[in-house]
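K.L.:
Before I ask anything, let me first share the structure, which is written out below as structure tokens.
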Amino acid sequence: MQPPPPPPPGPVRSGPPETTRTARQHAPITATGLIVKVILLGLVAGIAIWAAFPLIAAKLWVGLAVLVVTTIGLGYLYLTRRHIPAKYLVPGTIFLIAFQVFPVLYTASTAFTNFGDGHRGSKDDAIVAIGSSSVKQVPGSAEYTLAIATTGDPATGPLVFLVTDPSTGTVSAGDTDGLRPLDAADVTVTPAGKVTAAQGYTVLNFGQASVRSQEITDLVVPTPGGALRSTGLSRAYEGKAIRAYDRSCDCITDSETGRTWTADGTVGAFVAADGERLAQGWQVGVGLKNFARVLTDPNISGPFFGTLLWNFAFAIGSTGFTFGLGMAIALALHSPRMRGTNIYRVFLILPYAMPSFAMLLVWRDMFNTDFGLINNLFGLGVDWFGEAWSARVAVLLVQLWLGYPYMFLVATGALQAIPRELTEATSVDGASPWQSFRAVTLPLLLVALSPLLIASFAFNFNNINAIWFTTEGGPFAPDNPTNGATDLLITYTYRLAFGAQGAEFGLAAAVSIFIFAIVATVSAISFRRTRQQEEVYS
């Protein structure tokens, strides 16, 4: 019996395969990998330090603690060789929380407040604003030489008053946070006391200041004795506030008329005995009041439910029509008898390659009553955007043109995945092309494309561009200028939040939650039916 051959030369590996695999997983990283890791962790640490200072200044200790714990956790995770799966999962989780979970939670919390114009800050901020806005020039008011400056772009930067005290020659910079004295070495002052240059500020010339004259007039600089306001573009005065807060009664008193407004914590405003509210209020929690307004206030609930019906019609119509046209074209080009399909496909997907917002603006002009291509081409005189139903038809036609290429592409891919043997078998059994399509092709298409159709429905349900760039929500009824015939809930919400009548972010957030609940419910039901279809045809 021959002895076994000797083992081949080389290192002997012992131990189970798991040990070898672990050794490979824990192999030392390269110099390049180490440099990249150090740079990324240094960037994370720098961002954390940068974010810590505002949190400390605002005394947001909970947020600071979360920031510190997160930064330490990231450093521990990526400086050790353990927890390999977490190294890949943690970044995605952080971005999910930062860009998805946190905005949703913030929106939800805003829905339970009165946050909006006149209710943005605290009660103390409202008291200061009320006093500052009531400042009047009285006999003996101190006057100053004024120069207008900014801390940024002359056309858009925050305005600053550079004032010179005629009695002392002291130069101060003032904004909504108050006055701050400036070092004499940092400013250049004319013999008349006007500041012509100041370190850290851009002094506006007469033309630049004239363009922003209304902002200059509205700017109020709080001072210990009242507030500073401008008189023209070269003089300012320190006036006296005629409305002051009285802590004993928790009210605002007008020294000229004797009228009082008492603080009402339930609405976040100072309210007089006859129900009059001062414009400046503060942010408070209002519970379910915003949701109740949406459902019960006739001025809101009427437009809301009418808009909701059209919103469903728009989303279903946009998705259904584009799917129908895209599928029909895909079926036509899928036929083996069709020639030149590649050329057709290039032309058919052109709308998909164009920027949608630009095409929406083009289509808006094409539907113009007087010089639009649609009316001129067909010899019509339709006021497309002047009537409710014609405007709705117009936006659906625009959506059909913009959306069918996407459905054509996905339907083409799904059709190529369906074995031809199935349709050939139905033909052998004597089925007509329509029967073959209805019994085999369409069900298999729906199984493959249902998730995409659900996603398309959700997208179109909140498709603000399709409405805003074409009709802007119109046409509007004479008695309701805030809600138009083609408004979706999202455009209606946008108008509530940023409309000319004043922003109501709390109410808009409540409407957003309704939108989220509606889309989530429809999507959940649709996905459930999709799974049932998959079980039938699997």
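Please note that chains go A, B, ... in the order of the structure tokens, that every chain numbers its residues from 1, and that ligands are numbered from 1 in the order shown.
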Considering only C-alpha atoms, tabulate each residue of stretch 102-188 of chain A that lies at most 9 Å from stretch 244-268 of chain A along with its nearest interatomic pair and the corresponding distance in Å to one decimal; arrange the rows by chain and ascending residue number and present them as a Markdown table.
P.N.:
```
| residue | atom | partner | partner_atom | distance |
| --- | --- | --- | --- | --- |
| A:Asn114 | CA | A:Val267 | CA | 7.6 |
| A:His119 | CA | A:Gly268 | CA | 7.2 |
| A:Lys123 | CA | A:Gly268 | CA | 7.8 |
| A:Ile127 | CA | A:Tyr245 | CA | 6.7 |
| A:Val128 | CA | A:Tyr245 | CA | 8.9 |
| A:Ile130 | CA | A:Ala244 | CA | 7.8 |
| A:Gly131 | CA | A:Ala244 | CA | 5.8 |
| A:Ser134 | CA | A:Ala244 | CA | 8.9 |
```
K.L.:
Would you save the residues from that selection as a JSON list (two decimals), in the first residue's frame, using N, CA and C atoms?
P.N.:
```json
[["chain", "number", "residue", "atom", "x", "y", "z"],
["A", 114, "ASN", "N", -51.41, 77.30, 15.66],
["A", 114, "ASN", "CA", -51.94, 78.41, 14.86],
["A", 114, "ASN", "C", -50.81, 79.11, 14.11],
["A", 119, "HIS", "N", -48.55, 84.96, 13.90],
["A", 119, "HIS", "CA", -48.43, 83.97, 14.99],
["A", 119, "HIS", "C", -47.18, 83.12, 14.76],
["A", 123, "LYS", "N", -44.84, 84.96, 22.82],
["A", 123, "LYS", "CA", -45.64, 86.07, 23.34],
["A", 123, "LYS", "C", -44.77, 87.31, 23.54],
["A", 127, "ILE", "N", -45.27, 91.10, 21.95],
["A", 127, "ILE", "CA", -45.32, 92.33, 22.75],
["A", 127, "ILE", "C", -44.36, 93.37, 22.17],
["A", 128, "VAL", "N", -43.14, 92.92, 21.84],
["A", 128, "VAL", "CA", -42.15, 93.83, 21.26],
["A", 128, "VAL", "C", -42.64, 94.36, 19.92],
["A", 130, "ILE", "N", -45.75, 94.68, 18.84],
["A", 130, "ILE", "CA", -46.87, 95.60, 19.03],
["A", 130, "ILE", "C", -46.37, 96.98, 19.46],
["A", 131, "GLY", "N", -45.44, 96.99, 20.40],
["A", 131, "GLY", "CA", -44.90, 98.27, 20.85],
["A", 131, "GLY", "C", -44.14, 98.99, 19.75],
["A", 134, "SER", "N", -46.29, 100.63, 17.02],
["A", 134, "SER", "CA", -47.11, 101.77, 17.44],
["A", 134, "SER", "C", -46.29, 103.01, 17.76]]
```
K.L.:
Which residues are near A:Thr369? Cut-off 7 Å, only C-alpha atoms, ignore same chain within fewer than 4 positions. Put them as a PDB file with N, CA, C and O atoms, in the first residue's frame.
P.N.:
```pdb
ATOM      1  N   ASN A 375     -56.741  76.724 -30.937  1.00  0.00           N
ATOM      2  CA  ASN A 375     -57.883  77.407 -31.544  1.00  0.00           C
ATOM      3  C   ASN A 375     -57.620  77.782 -32.998  1.00  0.00           C
ATOM      4  O   ASN A 375     -58.490  77.645 -33.864  1.00  0.00           O
ATOM      5  N   GLY A 381     -63.045  78.846 -31.119  1.00  0.00           N
ATOM      6  CA  GLY A 381     -63.028  80.065 -30.324  1.00  0.00           C
ATOM      7  C   GLY A 381     -63.251  79.765 -28.863  1.00  0.00           C
ATOM      8  O   GLY A 381     -63.864  80.553 -28.148  1.00  0.00           O
ATOM      9  N   VAL A 382     -62.734  78.613 -28.413  1.00  0.00           N
ATOM     10  CA  VAL A 382     -62.975  78.145 -27.045  1.00  0.00           C
ATOM     11  C   VAL A 382     -62.090  78.914 -26.068  1.00  0.00           C
ATOM     12  O   VAL A 382     -60.881  79.051 -26.281  1.00  0.00           O
ATOM     13  N   ASP A 383     -62.698  79.406 -25.020  1.00  0.00           N
ATOM     14  CA  ASP A 383     -61.951  80.037 -23.930  1.00  0.00           C
ATOM     15  C   ASP A 383     -61.542  78.921 -22.971  1.00  0.00           C
ATOM     16  O   ASP A 383     -62.195  78.667 -21.959  1.00  0.00           O
ATOM     17  N   TRP A 384     -60.437  78.244 -23.304  1.00  0.00           N
ATOM     18  CA  TRP A 384     -60.065  77.013 -22.601  1.00  0.00           C
ATOM     19  C   TRP A 384     -59.911  77.226 -21.103  1.00  0.00           C
ATOM     20  O   TRP A 384     -60.378  76.409 -20.308  1.00  0.00           O
TER      21      TRP A 384
END
```
K.L.:
Using DSSP assignments from the backbone, pull out every residue in stretch 30-180 of chain A that falls under strand (DSSP E or B) and give it to me as number ranges by chain.
P.N.:
A: 113, 116, 119, 135-136, 142-150, 159-164, 171-175, 178-180
K.L.:
Just to be explicit: take each residue in the selection above, keep N, CA and C atoms, and write the result as a PDB file, in the first residue's frame.
P.N.:
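The resulting file, out36.pdb, is reproduced below:
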```pdb
ATOM      1  N   THR A 113     -51.141  73.655  15.670  1.00  0.00           N
ATOM      2  CA  THR A 113     -50.839  74.998  16.162  1.00  0.00           C
ATOM      3  C   THR A 113     -51.506  76.037  15.260  1.00  0.00           C
ATOM      4  N   GLY A 116     -48.538  80.840  11.676  1.00  0.00           N
ATOM      5  CA  GLY A 116     -48.852  81.558  10.437  1.00  0.00           C
ATOM      6  C   GLY A 116     -48.521  83.026  10.598  1.00  0.00           C
ATOM      7  N   HIS A 119     -48.546  84.958  13.903  1.00  0.00           N
ATOM      8  CA  HIS A 119     -48.431  83.968  14.989  1.00  0.00           C
ATOM      9  C   HIS A 119     -47.182  83.125  14.756  1.00  0.00           C
ATOM     10  N   VAL A 135     -45.020 103.000  17.376  1.00  0.00           N
ATOM     11  CA  VAL A 135     -44.133 104.120  17.678  1.00  0.00           C
ATOM     12  C   VAL A 135     -44.558 105.349  16.882  1.00  0.00           C
ATOM     13  N   LYS A 136     -44.616 106.491  17.556  1.00  0.00           N
ATOM     14  CA  LYS A 136     -44.935 107.764  16.920  1.00  0.00           C
ATOM     15  C   LYS A 136     -43.928 108.820  17.354  1.00  0.00           C
ATOM     16  N   ALA A 142     -35.728 112.432  19.988  1.00  0.00           N
ATOM     17  CA  ALA A 142     -34.349 112.563  19.512  1.00  0.00           C
ATOM     18  C   ALA A 142     -34.285 112.250  18.021  1.00  0.00           C
ATOM     19  N   GLU A 143     -33.471 113.022  17.275  1.00  0.00           N
ATOM     20  CA  GLU A 143     -33.313 112.808  15.851  1.00  0.00           C
ATOM     21  C   GLU A 143     -31.858 112.480  15.549  1.00  0.00           C
ATOM     22  N   TYR A 144     -31.669 111.682  14.504  1.00  0.00           N
ATOM     23  CA  TYR A 144     -30.333 111.203  14.143  1.00  0.00           C
ATOM     24  C   TYR A 144     -30.128 111.348  12.645  1.00  0.00           C
ATOM     25  N   THR A 145     -28.868 111.488  12.251  1.00  0.00           N
ATOM     26  CA  THR A 145     -28.507 111.416  10.843  1.00  0.00           C
ATOM     27  C   THR A 145     -28.477 109.944  10.446  1.00  0.00           C
ATOM     28  N   LEU A 146     -29.097 109.621   9.311  1.00  0.00           N
ATOM     29  CA  LEU A 146     -29.317 108.225   8.931  1.00  0.00           C
ATOM     30  C   LEU A 146     -28.614 107.884   7.624  1.00  0.00           C
ATOM     31  N   ALA A 147     -28.019 106.697   7.614  1.00  0.00           N
ATOM     32  CA  ALA A 147     -27.524 106.085   6.381  1.00  0.00           C
ATOM     33  C   ALA A 147     -28.090 104.673   6.320  1.00  0.00           C
ATOM     34  N   ILE A 148     -28.498 104.253   5.132  1.00  0.00           N
ATOM     35  CA  ILE A 148     -29.086 102.925   4.951  1.00  0.00           C
ATOM     36  C   ILE A 148     -27.994 101.977   4.465  1.00  0.00           C
ATOM     37  N   ALA A 149     -27.923 100.806   5.092  1.00  0.00           N
ATOM     38  CA  ALA A 149     -26.911  99.811   4.722  1.00  0.00           C
ATOM     39  C   ALA A 149     -27.527  98.425   4.747  1.00  0.00           C
ATOM     40  N   THR A 150     -26.766  97.459   4.249  1.00  0.00           N
ATOM     41  CA  THR A 150     -27.164  96.051   4.311  1.00  0.00           C
ATOM     42  C   THR A 150     -25.955  95.227   4.743  1.00  0.00           C
ATOM     43  N   LEU A 159     -31.763  94.936   5.836  1.00  0.00           N
ATOM     44  CA  LEU A 159     -31.499  96.369   5.992  1.00  0.00           C
ATOM     45  C   LEU A 159     -30.976  96.678   7.394  1.00  0.00           C
ATOM     46  N   VAL A 160     -30.098  97.676   7.447  1.00  0.00           N
ATOM     47  CA  VAL A 160     -29.527  98.137   8.711  1.00  0.00           C
ATOM     48  C   VAL A 160     -29.515  99.667   8.694  1.00  0.00           C
ATOM     49  N   PHE A 161     -29.917 100.270   9.819  1.00  0.00           N
ATOM     50  CA  PHE A 161     -29.813 101.717   9.978  1.00  0.00           C
ATOM     51  C   PHE A 161     -28.456 102.048  10.598  1.00  0.00           C
ATOM     52  N   LEU A 162     -27.686 102.912   9.950  1.00  0.00           N
ATOM     53  CA  LEU A 162     -26.460 103.454  10.530  1.00  0.00           C
ATOM     54  C   LEU A 162     -26.769 104.889  10.950  1.00  0.00           C
ATOM     55  N   VAL A 163     -26.883 105.118  12.259  1.00  0.00           N
ATOM     56  CA  VAL A 163     -27.327 106.416  12.767  1.00  0.00           C
ATOM     57  C   VAL A 163     -26.208 107.064  13.569  1.00  0.00           C
ATOM     58  N   THR A 164     -26.143 108.372  13.467  1.00  0.00           N
ATOM     59  CA  THR A 164     -25.135 109.152  14.175  1.00  0.00           C
ATOM     60  C   THR A 164     -25.827 110.062  15.178  1.00  0.00           C
ATOM     61  N   VAL A 171     -21.687 106.526  16.468  1.00  0.00           N
ATOM     62  CA  VAL A 171     -22.360 105.843  15.367  1.00  0.00           C
ATOM     63  C   VAL A 171     -22.822 104.471  15.858  1.00  0.00           C
ATOM     64  N   SER A 172     -24.077 104.132  15.554  1.00  0.00           N
ATOM     65  CA  SER A 172     -24.647 102.844  15.951  1.00  0.00           C
ATOM     66  C   SER A 172     -25.303 102.190  14.741  1.00  0.00           C
ATOM     67  N   ALA A 173     -25.337 100.878  14.775  1.00  0.00           N
ATOM     68  CA  ALA A 173     -26.027 100.093  13.739  1.00  0.00           C
ATOM     69  C   ALA A 173     -27.280  99.510  14.357  1.00  0.00           C
ATOM     70  N   GLY A 174     -28.417  99.652  13.662  1.00  0.00           N
ATOM     71  CA  GLY A 174     -29.681  99.185  14.223  1.00  0.00           C
ATOM     72  C   GLY A 174     -30.455  98.326  13.243  1.00  0.00           C
ATOM     73  N   ASP A 175     -31.029  97.257  13.772  1.00  0.00           N
ATOM     74  CA  ASP A 175     -31.942  96.416  13.001  1.00  0.00           C
ATOM     75  C   ASP A 175     -33.046  95.957  13.937  1.00  0.00           C
ATOM     76  N   GLY A 178     -32.215  95.563  17.655  1.00  0.00           N
ATOM     77  CA  GLY A 178     -31.838  96.693  18.489  1.00  0.00           C
ATOM     78  C   GLY A 178     -30.626  97.433  17.945  1.00  0.00           C
ATOM     79  N   LEU A 179     -30.112  98.381  18.757  1.00  0.00           N
ATOM     80  CA  LEU A 179     -28.967  99.202  18.380  1.00  0.00           C
ATOM     81  C   LEU A 179     -27.687  98.621  18.950  1.00  0.00           C
ATOM     82  N   ARG A 180     -26.591  98.730  18.149  1.00  0.00           N
ATOM     83  CA  ARG A 180     -25.273  98.295  18.586  1.00  0.00           C
ATOM     84  C   ARG A 180     -24.270  99.389  18.247  1.00  0.00           C
TER      85      ARG A 180
END
```
K.L.:
What's around A:Leu43 at 12 Å? Count only C-alpha atoms, leave out sequence neighbours fewer than 5 positions away in its own chain, and write the answer as a list in words.
P.N.:
Val36, Lys37, Val38, Ala48, Ile49, Trp50, Thr71, Leu74 and Gly75 of chain A
K.L.:
Set the distance at 12 Å and use only C-alpha atoms: which residues neighbour A:Leu325 once local chain neighbours fewer than 4 positions away are removed? I'd like the list as a ChimeraX atom specification.
P.N.:
/A:317-321,329-332,348,397,399-409,411
K.L.:
I'd like the interatomic distance between atom CA of A:Pro222 and atom CA of A:Arg243, to a tenth of an Å.
P.N.:
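Taking atom CA of A:Pro222 and atom CA of A:Arg243, their separation equals 13.7 Å.
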K.L.:
Atom CA of A:Thr223 and atom CA of A:Gln137, how far apart in Å?
P.N.:
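Separating atom CA of A:Gln137 from atom CA of A:Thr223 is a distance of 13.8 Å.
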K.L.:
Which of these residues is nearest to A:Gly118, using only C-alpha atoms: A:Ala86, A:Leu445, A:Ala279, A:Val362?
P.N.:
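Looking only at the distances to A:Gly118, the closest residue turns out to be A:Ala279.
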K.L.:
To one decimal place in Å, what is the distance between atom CA of A:Ser450 and atom CA of A:Phe527?
P.N.:
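We find that atom CA of A:Ser450 and atom CA of A:Phe527 lie 7.8 Å from each other.
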K.L.:
Give the answer as one residue: which of A:Val68, A:Leu453, A:Ile518, A:Ile525 has the shortest atom-to-atom distance to A:Gly324, using only C-alpha atoms?
P.N.:
A:Leu453
K.L.:
Which residues come within 10 Å of A:Val395, counting only C-alpha atoms, excluding same-chain residues fewer than 2 positions away, as a compact mmCIF listing (two decimals) with all heavy atoms, in the first residue's frame?
P.N.:
```
# COMPACT_ATOMS: atom_id res chain seq x y z
N PHE A 314 -58.78 64.03 -11.47
CA PHE A 314 -57.55 64.40 -12.16
C PHE A 314 -56.51 63.28 -12.05
O PHE A 314 -55.88 62.91 -13.06
CB PHE A 314 -56.99 65.69 -11.58
CG PHE A 314 -55.65 66.07 -12.11
CD1 PHE A 314 -55.53 66.69 -13.34
CD2 PHE A 314 -54.49 65.79 -11.39
CE1 PHE A 314 -54.27 67.03 -13.84
CE2 PHE A 314 -53.25 66.12 -11.88
CZ PHE A 314 -53.13 66.75 -13.11
N SER A 318 -55.56 61.23 -15.28
CA SER A 318 -54.18 61.35 -15.76
C SER A 318 -53.51 59.99 -15.85
O SER A 318 -52.86 59.66 -16.85
CB SER A 318 -53.38 62.29 -14.85
OG SER A 318 -53.92 63.59 -14.85
N LEU A 360 -45.14 72.59 -20.01
CA LEU A 360 -46.39 73.08 -19.44
C LEU A 360 -46.63 74.54 -19.81
O LEU A 360 -47.75 74.94 -20.12
CB LEU A 360 -46.36 72.91 -17.92
CG LEU A 360 -46.48 71.48 -17.40
CD1 LEU A 360 -46.14 71.41 -15.92
CD2 LEU A 360 -47.88 70.93 -17.64
N TRP A 363 -47.67 74.60 -23.50
CA TRP A 363 -49.06 74.19 -23.67
C TRP A 363 -50.03 75.27 -23.18
O TRP A 363 -51.12 75.43 -23.72
CB TRP A 363 -49.31 72.88 -22.94
CG TRP A 363 -48.98 71.67 -23.76
CD1 TRP A 363 -47.83 70.96 -23.75
CD2 TRP A 363 -49.82 71.04 -24.74
NE1 TRP A 363 -47.88 69.93 -24.65
CE2 TRP A 363 -49.11 69.96 -25.27
CE3 TRP A 363 -51.10 71.31 -25.21
CZ2 TRP A 363 -49.64 69.12 -26.25
CZ3 TRP A 363 -51.64 70.48 -26.18
CH2 TRP A 363 -50.92 69.41 -26.70
N ARG A 364 -49.64 75.99 -22.14
CA ARG A 364 -50.49 77.08 -21.66
C ARG A 364 -50.71 78.11 -22.76
O ARG A 364 -51.82 78.60 -22.98
CB ARG A 364 -49.85 77.75 -20.45
CG ARG A 364 -50.68 78.87 -19.84
CD ARG A 364 -49.92 79.59 -18.75
NE ARG A 364 -48.75 80.28 -19.29
CZ ARG A 364 -47.88 80.93 -18.54
NH1 ARG A 364 -48.00 80.96 -17.22
NH2 ARG A 364 -46.83 81.54 -19.10
N PHE A 367 -53.04 76.87 -25.60
CA PHE A 367 -54.47 76.92 -25.29
C PHE A 367 -55.00 78.34 -25.16
O PHE A 367 -56.15 78.54 -24.78
CB PHE A 367 -54.77 76.15 -24.00
CG PHE A 367 -54.88 74.67 -24.19
CD1 PHE A 367 -53.91 73.82 -23.70
CD2 PHE A 367 -55.96 74.12 -24.86
CE1 PHE A 367 -54.02 72.44 -23.87
CE2 PHE A 367 -56.08 72.75 -25.03
CZ PHE A 367 -55.10 71.90 -24.54
N TRP A 384 -60.44 78.24 -23.30
CA TRP A 384 -60.07 77.01 -22.60
C TRP A 384 -59.91 77.23 -21.10
O TRP A 384 -60.38 76.41 -20.31
CB TRP A 384 -58.77 76.46 -23.20
CG TRP A 384 -58.92 75.91 -24.57
CD1 TRP A 384 -58.63 76.52 -25.75
CD2 TRP A 384 -59.45 74.62 -24.91
NE1 TRP A 384 -58.93 75.71 -26.81
CE2 TRP A 384 -59.43 74.52 -26.32
CE3 TRP A 384 -59.93 73.54 -24.17
CZ2 TRP A 384 -59.87 73.40 -27.00
CZ3 TRP A 384 -60.37 72.41 -24.85
CH2 TRP A 384 -60.33 72.34 -26.24
N PHE A 385 -59.24 78.26 -20.70
CA PHE A 385 -58.98 78.49 -19.28
C PHE A 385 -59.99 79.44 -18.63
O PHE A 385 -59.83 79.83 -17.48
CB PHE A 385 -57.57 79.04 -19.09
CG PHE A 385 -56.49 78.08 -19.52
CD1 PHE A 385 -55.28 78.55 -20.01
CD2 PHE A 385 -56.68 76.71 -19.43
CE1 PHE A 385 -54.29 77.67 -20.42
CE2 PHE A 385 -55.69 75.82 -19.83
CZ PHE A 385 -54.50 76.30 -20.34
N SER A 390 -63.84 73.25 -19.53
CA SER A 390 -62.85 73.32 -20.61
C SER A 390 -61.44 73.39 -20.03
O SER A 390 -60.49 72.81 -20.59
CB SER A 390 -63.12 74.53 -21.50
OG SER A 390 -63.07 75.74 -20.76
N ALA A 391 -61.26 74.07 -18.90
CA ALA A 391 -59.95 74.13 -18.26
C ALA A 391 -59.53 72.75 -17.76
O ALA A 391 -58.36 72.35 -17.88
CB ALA A 391 -59.96 75.13 -17.12
N ARG A 392 -60.49 72.00 -17.20
CA ARG A 392 -60.17 70.66 -16.73
C ARG A 392 -59.82 69.73 -17.88
O ARG A 392 -58.88 68.92 -17.79
CB ARG A 392 -61.36 70.11 -15.94
CG ARG A 392 -61.56 70.83 -14.60
CD ARG A 392 -62.87 70.46 -13.95
NE ARG A 392 -63.01 71.12 -12.65
CZ ARG A 392 -64.12 71.11 -11.93
NH1 ARG A 392 -65.20 70.49 -12.38
NH2 ARG A 392 -64.14 71.73 -10.76
N VAL A 393 -60.55 69.83 -18.98
CA VAL A 393 -60.21 69.03 -20.17
C VAL A 393 -58.82 69.40 -20.67
O VAL A 393 -58.03 68.52 -21.06
CB VAL A 393 -61.27 69.23 -21.27
CG1 VAL A 393 -60.81 68.61 -22.59
CG2 VAL A 393 -62.61 68.64 -20.85
N LEU A 397 -55.61 66.90 -21.11
CA LEU A 397 -54.96 66.70 -22.41
C LEU A 397 -53.45 66.95 -22.30
O LEU A 397 -52.65 66.22 -22.89
CB LEU A 397 -55.57 67.62 -23.45
CG LEU A 397 -56.98 67.27 -23.93
CD1 LEU A 397 -57.52 68.35 -24.87
CD2 LEU A 397 -57.00 65.91 -24.62
N VAL A 398 -53.09 67.97 -21.55
CA VAL A 398 -51.66 68.24 -21.35
C VAL A 398 -51.00 67.07 -20.62
O VAL A 398 -49.90 66.63 -20.98
CB VAL A 398 -51.46 69.56 -20.58
CG1 VAL A 398 -49.99 69.77 -20.26
CG2 VAL A 398 -52.00 70.73 -21.38
N GLN A 399 -51.65 66.56 -19.59
CA GLN A 399 -51.12 65.42 -18.86
C GLN A 399 -51.00 64.19 -19.74
O GLN A 399 -50.06 63.40 -19.61
CB GLN A 399 -52.00 65.12 -17.64
CG GLN A 399 -51.77 66.03 -16.46
CD GLN A 399 -50.36 65.91 -15.94
OE1 GLN A 399 -49.49 66.72 -16.25
NE2 GLN A 399 -50.11 64.90 -15.14
N LEU A 400 -51.98 64.02 -20.64
CA LEU A 400 -51.92 62.87 -21.55
C LEU A 400 -50.68 62.96 -22.43
O LEU A 400 -49.99 61.96 -22.64
CB LEU A 400 -53.19 62.85 -22.40
CG LEU A 400 -53.29 61.74 -23.46
CD1 LEU A 400 -53.28 60.37 -22.80
CD2 LEU A 400 -54.55 61.92 -24.30
N TRP A 401 -50.41 64.14 -22.96
CA TRP A 401 -49.25 64.30 -23.84
C TRP A 401 -47.94 64.10 -23.07
O TRP A 401 -46.99 63.51 -23.58
CB TRP A 401 -49.29 65.69 -24.47
CG TRP A 401 -48.26 65.86 -25.56
CD1 TRP A 401 -48.36 65.50 -26.87
CD2 TRP A 401 -46.97 66.46 -25.41
NE1 TRP A 401 -47.22 65.82 -27.55
CE2 TRP A 401 -46.34 66.42 -26.68
CE3 TRP A 401 -46.28 67.01 -24.33
CZ2 TRP A 401 -45.06 66.92 -26.90
CZ3 TRP A 401 -45.01 67.52 -24.55
CH2 TRP A 401 -44.41 67.47 -25.81
N ALA A 466 -48.40 70.55 -12.77
CA ALA A 466 -49.36 70.42 -13.87
C ALA A 466 -50.44 71.49 -13.81
O ALA A 466 -50.95 71.92 -14.84
CB ALA A 466 -50.00 69.02 -13.84
N ILE A 467 -50.78 71.92 -12.61
CA ILE A 467 -51.83 72.93 -12.45
C ILE A 467 -51.22 74.33 -12.38
O ILE A 467 -51.69 75.27 -13.03
CB ILE A 467 -52.67 72.64 -11.20
CG1 ILE A 467 -53.29 71.25 -11.29
CG2 ILE A 467 -53.73 73.70 -11.01
CD1 ILE A 467 -54.21 71.05 -12.47
N THR A 470 -50.00 75.90 -15.68
CA THR A 470 -50.97 76.03 -16.77
C THR A 470 -52.12 76.96 -16.39
O THR A 470 -52.28 78.04 -16.97
CB THR A 470 -51.52 74.65 -17.18
OG1 THR A 470 -52.00 73.97 -16.01
CG2 THR A 470 -50.44 73.81 -17.84
N THR A 471 -52.92 76.58 -15.41
CA THR A 471 -54.10 77.37 -15.06
C THR A 471 -53.95 78.15 -13.77
O THR A 471 -54.78 78.99 -13.47
CB THR A 471 -55.33 76.45 -14.91
OG1 THR A 471 -55.11 75.56 -13.80
CG2 THR A 471 -55.53 75.61 -16.17
N THR A 486 -59.76 74.21 -11.22
CA THR A 486 -58.76 73.18 -11.48
C THR A 486 -57.79 73.01 -10.32
O THR A 486 -56.77 72.31 -10.46
CB THR A 486 -57.97 73.52 -12.75
OG1 THR A 486 -57.36 74.81 -12.60
CG2 THR A 486 -58.87 73.51 -13.97
```
K.L.:
Give the helix (DSSP H, G or I) residues of stretch 51-139 of chain A, as assigned by DSSP on the backbone, as a PyMOL selection string.
P.N.:
chain A and resi 51-57+61-79+84-110+123-133
